[in-house]
file work12.txt (compact mmCIF, C-alpha atoms and all ligand atoms)
# COMPACT_ATOMS: atom_id res chain seq x y z
CA MET A 148 0.00 0.00 0.00
CA PRO A 149 1.76 3.19 -1.08
CA ILE A 150 1.63 6.17 1.23
CA GLN A 151 -0.89 7.98 -0.93
CA LYS A 152 -3.37 5.23 -0.23
CA LEU A 153 -3.38 5.86 3.49
CA LEU A 154 -3.61 9.58 2.96
CA ASP A 155 -6.22 9.41 0.26
CA PHE A 156 -9.34 10.68 1.97
CA ARG A 157 -11.31 10.17 -1.22
CA ASP A 158 -11.15 6.46 -0.68
CA PRO A 159 -12.97 5.40 2.48
CA ASP A 160 -12.53 1.79 1.35
CA VAL A 161 -8.87 2.17 2.27
CA CYS A 162 -9.31 3.97 5.54
CA GLU A 163 -12.58 4.15 7.43
CA ARG A 164 -11.08 5.19 10.73
CA LEU A 165 -7.89 7.15 11.14
CA VAL A 166 -5.84 8.28 14.14
CA ILE A 167 -3.90 11.49 13.57
CA LYS A 168 -1.18 12.27 16.10
CA ILE A 169 0.30 15.75 16.32
CA GLY A 170 3.64 16.25 18.05
CA SER A 171 4.49 19.11 20.42
CA ALA A 172 7.06 20.56 18.04
CA LEU A 173 4.32 21.28 15.50
CA LEU A 174 1.65 22.52 17.84
CA VAL A 175 3.57 24.93 19.98
CA ASP A 176 5.93 27.72 18.91
CA SER A 177 9.08 28.72 20.75
CA SER A 178 7.17 31.19 22.94
CA GLY A 179 4.73 28.51 24.12
CA GLN A 180 1.85 29.70 21.92
CA VAL A 181 -0.29 27.24 20.00
CA GLU A 182 0.30 27.52 16.24
CA ILE A 183 -3.35 28.40 15.69
CA GLU A 184 -3.26 29.26 11.99
CA TRP A 185 -1.43 26.06 11.14
CA LEU A 186 -3.70 23.99 13.38
CA ARG A 187 -6.73 25.48 11.66
CA THR A 188 -5.48 23.94 8.40
CA VAL A 189 -5.18 20.55 10.10
CA VAL A 190 -8.73 20.91 11.38
CA ASN A 191 -9.79 21.67 7.80
CA GLU A 192 -8.26 18.37 6.77
CA ILE A 193 -10.07 16.57 9.59
CA TRP A 194 -13.29 18.17 8.40
CA THR A 195 -12.59 17.07 4.81
CA ALA A 196 -11.98 13.51 5.97
CA ARG A 197 -15.20 13.53 7.94
CA GLU A 198 -17.15 14.87 4.96
CA ARG A 199 -15.88 11.90 2.99
CA GLY A 200 -17.03 9.44 5.60
CA ILE A 201 -13.73 8.82 7.36
CA GLU A 202 -13.81 8.94 11.15
CA VAL A 203 -10.91 10.75 12.76
CA VAL A 204 -9.46 10.43 16.25
CA VAL A 205 -6.86 13.03 17.23
CA VAL A 206 -3.96 12.42 19.59
CA SER A 207 -2.62 15.83 20.50
CA SER A 208 0.61 16.54 22.37
CA GLY A 209 1.58 20.00 23.53
CA SER A 210 0.31 20.44 27.08
CA ILE A 211 3.75 20.37 28.70
CA ALA A 212 5.29 22.74 26.18
CA ILE A 213 2.42 25.24 26.56
CA GLY A 214 2.26 25.01 30.36
CA ALA A 215 6.02 25.25 30.88
CA LYS A 216 6.16 28.64 29.17
CA LYS A 217 3.20 29.92 31.15
CA LEU A 218 4.78 28.85 34.43
CA GLY A 219 8.20 30.12 33.41
CA PHE A 220 9.97 26.77 33.66
CA ALA A 221 13.28 26.54 31.86
CA GLY A 222 14.02 23.28 30.03
CA GLY A 223 10.53 23.01 28.58
CA GLY A 224 9.09 21.82 31.90
CA ARG A 225 10.78 18.48 31.53
CA GLU A 226 13.54 18.86 34.10
CA THR A 227 11.59 17.23 36.91
CA LEU A 228 8.45 15.13 36.96
CA ALA A 229 6.74 17.69 39.21
CA GLU A 230 7.44 20.44 36.66
CA ALA A 231 6.17 18.29 33.79
CA GLN A 232 2.99 17.51 35.69
CA ALA A 233 2.38 21.12 36.71
CA SER A 234 3.07 22.23 33.14
CA ALA A 235 0.69 19.63 31.75
CA SER A 236 -2.17 20.70 33.97
CA VAL A 237 -1.78 24.33 32.93
CA GLY A 238 -1.17 23.52 29.26
CA GLN A 239 -3.90 20.92 28.82
CA ILE A 240 -6.74 23.31 29.63
CA GLU A 241 -5.51 25.70 26.94
CA LEU A 242 -4.85 22.91 24.46
CA ALA A 243 -8.37 21.59 24.92
CA SER A 244 -9.91 25.02 24.51
CA VAL A 245 -8.01 25.63 21.26
CA TRP A 246 -9.15 22.29 19.84
CA SER A 247 -12.69 22.95 20.93
CA MET A 248 -12.69 26.40 19.33
CA LEU A 249 -11.13 25.30 16.02
CA LEU A 250 -13.36 22.24 15.64
CA ALA A 251 -16.41 24.36 16.49
CA GLU A 252 -15.50 26.70 13.61
CA ARG A 253 -16.15 23.66 11.42
CA LYS A 254 -19.27 22.72 13.36
CA LEU A 255 -17.49 19.76 14.89
CA VAL A 256 -17.74 18.80 18.56
CA ALA A 257 -14.47 18.18 20.42
CA ALA A 258 -14.36 15.40 23.02
CA GLN A 259 -11.39 15.35 25.39
CA MET A 260 -10.00 12.04 26.67
CA LEU A 261 -6.99 11.95 29.01
CA LEU A 262 -5.57 8.46 29.34
CA THR A 263 -2.71 6.71 31.08
CA LEU A 264 -0.69 3.69 30.06
CA ASP A 265 -2.43 1.68 32.77
CA ASP A 266 -5.81 2.37 31.17
CA PHE A 267 -4.61 0.29 28.22
CA GLU A 268 -2.98 -2.44 30.30
CA SER A 269 -6.19 -3.42 32.08
CA ARG A 270 -8.40 -5.34 29.68
CA ARG A 271 -11.59 -3.91 31.22
CA ARG A 272 -10.43 -0.30 30.99
CA TYR A 273 -9.11 -0.91 27.47
CA LEU A 274 -12.55 -2.08 26.42
CA ASN A 275 -14.05 1.01 28.06
CA ILE A 276 -11.73 3.24 26.03
CA SER A 277 -12.79 1.36 22.95
CA ALA A 278 -16.50 1.74 23.72
CA THR A 279 -16.21 5.44 24.55
CA ILE A 280 -14.32 6.29 21.37
CA GLY A 281 -16.80 4.25 19.35
CA ARG A 282 -19.75 6.08 20.91
CA LEU A 283 -18.16 9.50 20.39
CA LEU A 284 -17.45 8.78 16.73
CA LYS A 285 -20.96 7.47 16.22
CA SER A 286 -22.26 10.75 17.64
CA GLY A 287 -20.12 12.70 15.20
CA ALA A 288 -17.72 14.07 17.83
CA VAL A 289 -13.94 14.26 17.32
CA PRO A 290 -12.06 12.62 20.21
CA VAL A 291 -8.97 14.64 21.12
CA ILE A 292 -6.74 12.45 23.25
CA ASN A 293 -3.62 13.11 25.31
CA GLU A 294 -1.81 11.29 28.06
CA ASN A 295 -3.06 12.23 31.50
CA ASP A 296 0.33 13.68 32.38
CA THR A 297 -0.72 15.26 35.65
CA ILE A 298 -1.30 11.88 37.30
CA ALA A 299 0.78 9.46 35.24
CA THR A 300 4.15 8.84 36.86
CA GLY A 301 7.27 6.81 36.14
CA GLU A 302 6.53 3.33 34.96
CA ILE A 303 2.85 4.00 34.31
CA ARG A 304 3.69 6.71 31.76
CA PHE A 305 3.92 6.43 28.02
CA GLY A 306 5.96 9.65 28.06
CA ASP A 307 5.47 9.96 24.32
CA ASN A 308 2.24 10.21 22.43
CA ASP A 309 3.42 8.02 19.53
CA ARG A 310 2.82 4.77 21.39
CA LEU A 311 -0.31 6.24 22.92
CA ALA A 312 -1.58 6.89 19.37
CA ALA A 313 -0.83 3.31 18.31
CA ARG A 314 -2.61 1.93 21.37
CA VAL A 315 -5.58 4.24 20.72
CA ALA A 316 -5.69 2.97 17.12
CA GLN A 317 -5.71 -0.59 18.38
CA ALA A 318 -8.42 0.12 20.93
CA CYS A 319 -10.69 1.78 18.38
CA ASN A 320 -9.95 -0.60 15.49
CA ALA A 321 -8.55 2.12 13.29
CA ASP A 322 -7.19 1.27 9.84
CA GLY A 323 -4.36 3.74 9.98
CA VAL A 324 -2.29 6.04 12.16
CA ILE A 325 -0.61 9.18 10.86
CA LEU A 326 2.15 10.65 13.00
CA LEU A 327 2.57 14.29 12.05
CA THR A 328 6.01 15.46 13.08
CA ASP A 329 8.85 17.80 12.15
CA VAL A 330 10.60 15.41 9.78
CA ASP A 331 9.22 13.87 6.58
CA GLY A 332 9.69 10.26 7.56
CA LEU A 333 12.22 7.76 8.81
CA TYR A 334 15.77 8.23 7.50
CA ASP A 335 18.39 5.52 7.43
CA ARG A 336 20.43 7.60 9.89
CA HIS A 337 19.90 10.92 11.66
CA PRO A 338 18.37 13.27 9.05
CA ASP A 339 21.05 15.89 9.78
CA HIS A 340 23.61 13.53 8.24
CA PRO A 341 24.39 14.70 4.66
CA GLU A 342 23.99 11.19 3.26
CA ALA A 343 20.81 10.31 5.14
CA GLU A 344 18.12 8.85 2.90
CA ARG A 345 14.42 8.52 3.63
CA LEU A 346 12.73 5.13 3.57
CA ASP A 347 9.42 5.22 1.69
CA GLU A 348 8.11 1.97 3.07
CA VAL A 349 9.00 -0.34 5.96
CA ASP A 350 7.77 -3.91 5.82
CA GLY A 351 8.28 -4.89 9.45
CA VAL A 352 10.29 -2.98 12.07
CA THR A 353 13.46 -5.00 12.65
CA ASP A 354 16.51 -4.39 14.84
CA GLU A 355 18.18 -2.95 11.76
CA ILE A 356 15.37 -0.39 11.42
CA HIS A 357 15.58 0.44 15.13
CA ALA A 358 19.30 1.12 14.77
CA MET A 359 18.51 3.97 12.34
CA ALA A 360 16.69 6.04 14.95
CA ASP A 361 17.65 7.86 18.06
CA THR A 362 15.66 8.87 21.09
CA GLY A 363 16.49 12.57 21.06
CA SER A 364 13.77 14.97 20.05
CA GLY A 365 14.92 17.16 17.16
CA SER A 366 13.00 20.19 18.38
CA GLY A 367 13.77 19.71 22.06
CA VAL A 368 10.08 20.05 23.00
CA GLY A 369 8.96 16.58 21.91
CA SER A 370 9.85 13.36 23.63
CA GLY A 371 10.95 9.95 22.51
CA GLY A 372 12.30 11.05 19.12
CA MET A 373 12.21 8.60 16.23
CA THR A 374 12.67 5.63 18.56
CA ALA A 375 9.23 6.21 20.08
CA LYS A 376 7.72 6.33 16.59
CA LEU A 377 9.26 2.98 15.68
CA LEU A 378 7.92 1.43 18.87
CA ALA A 379 4.53 2.82 17.90
CA ALA A 380 4.92 1.37 14.41
CA GLN A 381 5.61 -2.04 15.96
CA ILE A 382 2.44 -1.89 18.05
CA ALA A 383 0.46 -0.88 14.97
CA GLU A 384 1.96 -3.43 12.57
CA ARG A 385 1.23 -6.27 15.00
CA ALA A 386 -2.37 -5.15 15.22
CA GLY A 387 -2.75 -5.07 11.43
CA ILE A 388 -2.78 -1.27 11.30
CA ALA A 389 -0.84 0.84 8.78
CA LEU A 390 1.18 3.73 10.23
CA ALA A 391 2.72 6.65 8.42
CA ILE A 392 5.26 9.24 9.54
CA VAL A 393 4.52 12.44 7.70
CA ASP A 394 5.95 15.95 7.72
CA GLY A 395 3.39 18.03 9.58
CA ARG A 396 5.16 21.39 9.20
CA PRO A 397 3.42 22.75 6.09
CA GLU A 398 -0.14 24.00 6.20
CA LEU A 399 -2.63 21.32 5.11
CA PRO A 400 0.08 18.72 5.84
CA LEU A 401 -1.85 15.66 4.68
CA ALA A 402 -2.66 17.17 1.31
CA ARG A 403 0.96 18.26 1.00
CA ALA A 404 2.25 14.80 1.82
CA MET A 405 -0.13 13.38 -0.78
CA ALA A 406 1.16 15.78 -3.39
CA SER A 407 4.85 15.28 -2.61
CA GLN A 408 4.49 11.57 -1.90
CA ALA A 409 6.87 12.12 0.99
CA GLY A 410 6.68 10.14 4.20
CA THR A 411 7.36 6.66 5.48
CA LEU A 412 4.64 4.04 5.49
CA PHE A 413 4.90 1.07 7.86
CA LEU A 414 2.97 -1.86 6.49
CA PRO A 415 0.66 -3.88 8.70
CA GLN A 416 2.22 -7.26 9.47
CA ARG A 417 -0.69 -9.28 10.75
CA GLU A 418 -4.34 -9.17 11.57
CA GLU A 419 -4.66 -10.11 15.24
CA SER A 420 -8.11 -10.45 16.76
CA GLY A 421 -9.24 -8.12 19.56
CA ARG A 422 -7.84 -9.89 22.62
CA ARG A 423 -4.65 -11.02 20.89
CA ALA A 424 -4.05 -7.53 19.53
CA TRP A 425 -4.43 -6.20 23.06
CA ILE A 426 -1.93 -8.75 24.39
CA GLY A 427 0.51 -7.87 21.60
CA GLY A 428 0.36 -4.18 22.51
CA ARG A 429 0.80 -4.66 26.25
CA MET A 430 3.79 -2.77 27.62
CA ARG A 431 4.03 -3.71 31.30
CA PHE A 432 4.63 -7.20 32.62
CA ASN A 433 4.78 -8.68 36.08
CA GLY A 434 7.19 -11.36 34.98
CA SER A 435 8.64 -13.56 32.29
CA ILE A 436 9.57 -17.15 31.54
CA GLY A 437 12.64 -18.36 29.70
CA VAL A 438 12.15 -21.25 27.28
CA ASP A 439 14.49 -23.63 25.42
CA ASP A 440 15.10 -23.71 21.66
CA GLY A 441 12.69 -26.58 21.11
CA CYS A 442 9.92 -24.57 22.72
CA VAL A 443 10.72 -21.51 20.55
CA ARG A 444 10.50 -23.72 17.44
CA ALA A 445 7.13 -25.05 18.61
CA LEU A 446 5.85 -21.53 19.28
CA ASN A 447 6.87 -20.48 15.78
CA GLN A 448 4.70 -23.32 14.49
CA GLY A 449 1.70 -21.97 16.41
CA LYS A 450 1.93 -24.24 19.46
CA SER A 451 1.34 -23.44 23.13
CA VAL A 452 4.01 -22.98 25.83
CA LEU A 453 4.31 -26.25 27.76
CA ALA A 454 5.95 -26.54 31.17
CA ALA A 455 8.51 -29.00 29.78
CA GLY A 456 10.14 -26.27 27.66
CA ILE A 457 10.46 -23.70 30.45
CA THR A 458 13.94 -23.23 31.87
CA GLN A 459 13.62 -20.03 33.88
CA VAL A 460 11.03 -17.94 35.69
CA GLU A 461 11.31 -14.29 36.70
CA GLY A 462 9.07 -11.82 38.50
CA ASP A 463 5.94 -12.17 40.52
CA PHE A 464 2.91 -12.98 38.42
CA GLU A 465 -0.48 -14.49 39.04
CA ARG A 466 -2.66 -16.71 36.93
CA GLY A 467 -4.28 -14.52 34.27
CA ASP A 468 -1.42 -11.99 34.06
CA ILE A 469 0.24 -11.21 30.75
CA ILE A 470 3.91 -12.21 30.83
CA GLU A 471 6.83 -12.22 28.40
CA VAL A 472 8.39 -15.34 26.92
CA LYS A 473 12.16 -15.12 26.33
CA ASP A 474 14.52 -17.38 24.42
CA ILE A 475 17.85 -18.57 25.85
CA THR A 476 19.54 -15.32 24.82
CA GLY A 477 16.97 -13.29 26.77
CA ARG A 478 15.23 -11.97 23.66
CA VAL A 479 11.46 -11.57 24.00
CA VAL A 480 9.86 -13.97 21.51
CA ALA A 481 6.25 -13.81 22.65
CA LYS A 482 3.77 -12.39 25.15
CA GLY A 483 0.85 -14.29 26.56
CA LEU A 484 -1.68 -14.86 29.27
CA VAL A 485 -0.27 -17.26 31.83
CA GLU A 486 -2.41 -20.09 33.19
CA TYR A 487 -0.51 -20.43 36.50
CA GLY A 488 0.95 -18.16 39.17
CA VAL A 489 4.73 -17.90 39.51
CA ASP A 490 5.03 -20.53 42.28
CA ASP A 491 3.25 -23.19 40.24
CA VAL A 492 5.28 -22.40 37.11
CA GLU A 493 8.49 -22.73 39.15
CA ALA A 494 7.29 -26.06 40.49
CA ILE A 495 6.31 -27.62 37.16
CA MET A 496 8.87 -26.14 34.80
CA GLY A 497 10.90 -28.75 32.96
CA HIS A 498 8.34 -31.45 33.78
CA GLN A 499 6.06 -33.51 31.53
CA SER A 500 2.28 -33.55 32.11
CA ASP A 501 2.17 -36.78 34.16
CA GLU A 502 4.80 -35.46 36.56
CA GLN A 503 2.98 -32.13 36.79
CA GLU A 504 -0.14 -33.80 38.15
CA GLN A 505 1.87 -35.24 41.04
CA ILE A 506 3.57 -31.93 41.77
CA LEU A 507 0.38 -29.85 41.66
CA GLY A 508 -1.91 -32.41 43.25
CA HIS A 509 -4.47 -31.93 40.48
CA ALA A 510 -4.68 -32.41 36.74
CA PRO A 511 -2.53 -29.79 35.02
CA ARG A 512 -3.94 -27.34 32.51
CA SER A 513 -3.25 -28.08 28.88
CA ALA A 514 -0.48 -25.46 28.72
CA VAL A 515 1.29 -22.78 30.73
CA ILE A 516 0.35 -20.30 28.00
CA HIS A 517 -2.27 -21.51 25.57
CA ARG A 518 -1.68 -20.65 21.91
CA SER A 519 -5.00 -18.78 21.73
CA HIS A 520 -3.61 -16.34 24.31
CA LEU A 521 -0.12 -16.12 22.87
CA VAL A 522 1.23 -13.46 20.51
CA MET A 523 4.60 -13.89 18.81
CA MET A 524 6.88 -10.84 18.67
N1 LIG B 1 16.52 8.06 11.65
C1 LIG B 1 15.80 9.16 11.85
N2 LIG B 1 14.96 9.61 10.88
C2 LIG B 1 14.21 10.72 11.08
N3 LIG B 1 14.22 11.47 12.19
C3 LIG B 1 15.04 11.08 13.20
C4 LIG B 1 15.86 9.91 13.07
N4 LIG B 1 16.54 9.76 14.24
C5 LIG B 1 16.17 10.79 15.04
N5 LIG B 1 15.28 11.60 14.43
C6 LIG B 1 14.71 12.82 15.06
O1 LIG B 1 13.36 12.55 15.50
C7 LIG B 1 12.71 13.82 15.57
C8 LIG B 1 11.19 13.64 15.70
O2 LIG B 1 10.87 13.18 17.00
P1 LIG B 1 10.22 14.16 18.12
O3 LIG B 1 11.06 15.38 18.27
O4 LIG B 1 9.98 13.34 19.34
O5 LIG B 1 8.89 14.58 17.39
P2 LIG B 1 7.39 14.80 17.90
O6 LIG B 1 7.40 15.90 18.91
O7 LIG B 1 6.66 15.16 16.64
O8 LIG B 1 6.94 13.48 18.46
C9 LIG B 1 13.16 14.50 14.30
O9 LIG B 1 13.09 15.90 14.40
C10 LIG B 1 14.60 14.01 14.13
O10 LIG B 1 15.53 14.96 14.58
N1 LIG B 2 1.58 14.33 26.69
C1 LIG B 2 2.65 15.25 26.41
C2 LIG B 2 3.25 14.92 25.08
C3 LIG B 2 4.37 13.94 25.12
C4 LIG B 2 5.28 14.35 23.97
O1 LIG B 2 6.11 15.20 24.13
O2 LIG B 2 4.97 13.84 22.82
P1 LIG B 2 5.61 14.32 21.41
O3 LIG B 2 5.70 15.77 21.30
O4 LIG B 2 4.56 13.85 20.52
O5 LIG B 2 6.92 13.63 21.27
C5 LIG B 2 2.13 16.68 26.27
O6 LIG B 2 0.97 16.91 25.98
O7 LIG B 2 2.94 17.59 26.43
call {"tool": "encode", "arguments": {"input": "work12.txt", "output": "structure tokens", "more": "lines below"}}
Ligand SMILES: Nc1ncnc2c1ncn2[C@@H]1O[C@H](COP(=O)(O)OP(=O)(O)O)[C@@H](O)[C@H]1O
Ligand SMILES: N[C@@H](CCC(=O)OP(=O)(O)O)C(=O)O
result
Amino acid sequence: MPIQKLLDFRDPDVCERLVIKIGSALLVDSSGQVEIEWLRTVVNEIWTARERGIEVVVVSSGSIAIGAKKLGFAGGGRETLAEAQASASVGQIELASVWSMLLAERKLVAAQMLLTLDDFESRRRYLNISATIGRLLKSGAVPVINENDTIATGEIRFGDNDRLAARVAQACNADGVILLTDVDGLYDRHPDHPEAERLDEVDGVTDEIHAMADTGSGSGVGSGGMTAKLLAAQIAERAGIALAIVDGRPELPLARAMASQAGTLFLPQREESGRRAWIGGRMRFNGSIGVDDGCVRALNQGKSVLAAGITQVEGDFERGDIIEVKDITGRVVAKGLVEYGVDDVEAIMGHQSDEQEQILGHAPRSAVIHRSHLVMM
């Protein structure tokens, strides 16, 4: 699917539901003001998409950059967590009011949703997000989503809105995600390098692709840099969702990207069903198991994780938790819903089914992670 396809609003067969993510560097100028005239052109594009029957969900960064200027924090409000959180609470109220005003100019209703990483990690809350976005879109509203930075701390933070956008796309069954940023795609090395070349299409984010990016934000006001966008692309590709990195700097950026054919498109890699897609996108784990090579081969053939192939257990997990599965080198090969708590896995690992019954004192389950709850990485 060439990049024009994803951006072609005239073809709702290609994209019925789209997530558009706008980075801080685009939204906020160096004095902390929202780039209203530019944003109005983006809203025009959202309106055009909607007129053509394409539903749009917005993920908007910018609260920290806006708030930091208002509060007079040096370092963009990112020097301490407390500053970032204070900045976000000041900036978010302005960000929301700008979105509301600009969408209203086009007779569109803005709907604010502030989410944390944990909201996506709990299956019940994830389904709630999904239902709320669905209901808003059905009512004709435009969800405008940001991380709830004022309460999200440390390990429960995305910290970048790229992965948040990919998780939102997964939750609302979007067909595509467009990351609008201050560079026109992924380059094979830092774009400042004179020989850097843009990749038009990426068919699976590999280690080699990851090595092209770095975590630094070009503008200094964003976070996560290109690395965060590649992690987002991985979440999307595993959920069967196309993702594009597009230069958001010009006015009417989507139309411009269409015309110039610039940008990088990440192709969807598989079509996971709802629960499996959710497992694949999970980012926090209470533990992991290490498995032998024979087990990895079996998993690659679509089999379940059996206790006999487990060589190592780490962490503190309970039955029903999502855990990581690692090969003997420590590389994560899969994620899945575990059928036993950590103590039972430790007791039965390396044992065949008949021995497991004796150890557990009851008939063992068919697998430690059943293939229907297992997602390969
Ligand atoms: N290989 C690469 N290709 C393109 N951009 C890269 C690469 N490595 C690092 N970058 C940097 O990533 C920046 C975009 O990330 P970021 O500043 O976090 O944007 P945003 O605020 O839009 O999320 C670019 O400005 C660029 O300097
Ligand atoms: N949630 C934060 C945005 C996080 C962030 O900086 O994202 P980005 O600019 O997209 O790299 C905010 O509103 O400031």
call {"tool": "residues_around", "arguments": {"input": "work12.txt", "residues": "A:Ala404", "least_positions_apart": "3", "cutoff": "10 Å", "atoms": "only C-alpha atoms", "output": "list in words"}}
result
Ile150, Gln151, Leu154, Asp331, Ile392, Val393, Asp394, Gly395, Pro397, Leu399, Pro400, Leu401, Ser407, Gln408, Ala409 and Gly410 of chain A
call {"tool": "residues_near_ligand", "arguments": {"input": "work12.txt", "ligand": "ligand LIG 2 (chain B)", "cutoff": "6 Å", "atoms": "all atoms listed in the file", "output": "PyMOL selection string"}}
result
chain A and resi 170-172+208-212+293-294+296+306-308+369-371
call {"tool": "write_last_selection", "arguments": {"input": "work12.txt", "atoms": "C-alpha atoms", "output": "compact mmCIF listing (two decimals), keeping the file's coordinate frame"}}
result
# COMPACT_ATOMS: atom_id res chain seq x y z
CA GLY A 170 3.64 16.25 18.05
CA SER A 171 4.49 19.11 20.42
CA ALA A 172 7.06 20.56 18.04
CA SER A 208 0.61 16.54 22.37
CA GLY A 209 1.58 20.00 23.53
CA SER A 210 0.31 20.44 27.08
CA ILE A 211 3.75 20.37 28.70
CA ALA A 212 5.29 22.74 26.18
CA ASN A 293 -3.62 13.11 25.31
CA GLU A 294 -1.81 11.29 28.06
CA ASP A 296 0.33 13.68 32.38
CA GLY A 306 5.96 9.65 28.06
CA ASP A 307 5.47 9.96 24.32
CA ASN A 308 2.24 10.21 22.43
CA GLY A 369 8.96 16.58 21.91
CA SER A 370 9.85 13.36 23.63
CA GLY A 371 10.95 9.95 22.51
call {"tool": "residues_around", "arguments": {"input": "work12.txt", "residues": "A:Leu283", "least_positions_apart": "6", "cutoff": "9 Å", "atoms": "all atoms listed in the file", "output": "list in words"}}
result
Ala258, Val289 and Pro290 of chain A
call {"tool": "residues_near_ligand", "arguments": {"input": "work12.txt", "ligand": "ligand LIG 1 (chain B)", "cutoff": "10 Å", "atoms": "all atoms listed in the file", "output": "MDAnalysis selection string"}}
result
chainID A and resid 168:175 208:209 307:309 326:340 343:346 356:377 392:396 411
call {"tool": "residues_around", "arguments": {"input": "work12.txt", "residues": "A:Val189", "least_positions_apart": "2", "cutoff": "10 Å", "atoms": "all atoms listed in the file", "output": "NGL selection string"}}
result
:A and (167 or 169 or 183-187 or 191-195 or 249 or 395 or 397-402)
